[in-house]
Amino acid sequence: MRFRVLFCVFNRIFPIITLCSALAAPTSVLSQEIKSPSTKVNLLEVYTSQGCSSCPPAEDWLTQFENNSRLWNEFIPLNFHVDYWDYLGWKDPFASDKFSTRQRNFKRLGLSKTVATPGFILNGQAWNGWFYRQALPLTEQNAPGLITATLKDDLVSVNYRAASQIRQSLTVNVAVLGFNLATYIKRGENRGKELIHDFVVLAHTEKPMMTVNTTAIADLTVPSISQFNAKKTALVVWVADQSNPIPIQAAGDWITDTKSP
């Protein structure tokens, strides 16, 4: 963050030294509020890799949702790149062992039968409809609670207000997504191809929430994505039980460039 610093000059005429402190006033602050709708948002997790020759069709399928009118309000896709294909000789720059572990946890908890790419998890449960050219089955139901996420520069404050008293321990997840990301693949099953990725999870963090009656809150630092050349990004927030990755509610939107003084 850049700061304007005001300096005092020693008064040579009078034998009085005037002291002043530096004023840390930010030149601009990125400020944005993201809210979930009154209905439950469907969360689609797609597990993929640049090292897998079966994954580009799934990535192409994801791209169609970028300009869908129902995006953010009815459903949110998350494109998690796993690292277990890196052994073929091409290191996927978007892959993380954390994402591989997340996919394995769905199987460990009995929510999915396999760990493979492309892999699809819809609302915390395995979904294989993509392989049969089925439309994405979106559920329509009232939201169990509402999320308000306030983004200020690299900090996000999350407030989840439930329809009834919260009796379980909650975790909030925050992900930064990147779009229109191109990579020329030099090795592995996709060598010689340029792949375009959308909804890529460039960074993900989570934190336990503090709960009082029907409200749960948490403040998080948005993880840096400075290593990626992402000119179009989005922020996604979702709440889940600490012992279960099934999402309770989600919210997301494009990260705007609007600055407030």
# chains A, B, ... in the order shown; residues from 1 in each chain; ligands from 1

call {"tool": "residues_around", "arguments": {"residues": "A:Pro118", "least_positions_apart": "5", "cutoff": "8 Å", "atoms": "only C-alpha atoms", "output": "VMD selection string"}}
result
chain A and resid 46 to 49 54 to 55 58

call {"tool": "residues_around", "arguments": {"residues": "stretch 170-180 of chain A", "least_positions_apart": "5", "cutoff": "6 Å", "atoms": "only C-alpha atoms", "output": "list of chain:residue names"}}
result
A:His197, A:Asp198, A:Phe199, A:Val200, A:Val201, A:Leu202, A:Ala203, A:His204, A:Thr205, A:Glu206, A:Lys207, A:Pro208, A:Met209, A:Ala230, A:Lys232, A:Thr233, A:Ala234, A:Leu235, A:Val236, A:Val237, A:Trp238, A:Val239, A:Ala240, A:Asp241, A:Gln242

call {"tool": "closest_residue", "arguments": {"among": "A:Pro37, A:Pro77, A:Pro57, A:Gly51", "to": "A:Gln141", "atoms": "only C-alpha atoms"}}
result
A:Pro37

call {"tool": "residues_around", "arguments": {"residues": "A:Tyr87", "least_positions_apart": "4", "cutoff": "9 Å", "atoms": "only C-alpha atoms", "output": "ChimeraX atom specification"}}
result
/A:51,83,91,188

call {"tool": "atom_distance", "arguments": {"atom1": "atom CA of A:Asn42", "atom2": "atom CA of A:Ala250"}}
result
7.6 Å

call {"tool": "residues_around", "arguments": {"residues": "A:Glu194", "least_positions_apart": "3", "cutoff": "9 Å", "atoms": "only C-alpha atoms", "output": "ChimeraX atom specification"}}
result
/A:182-185,190-191
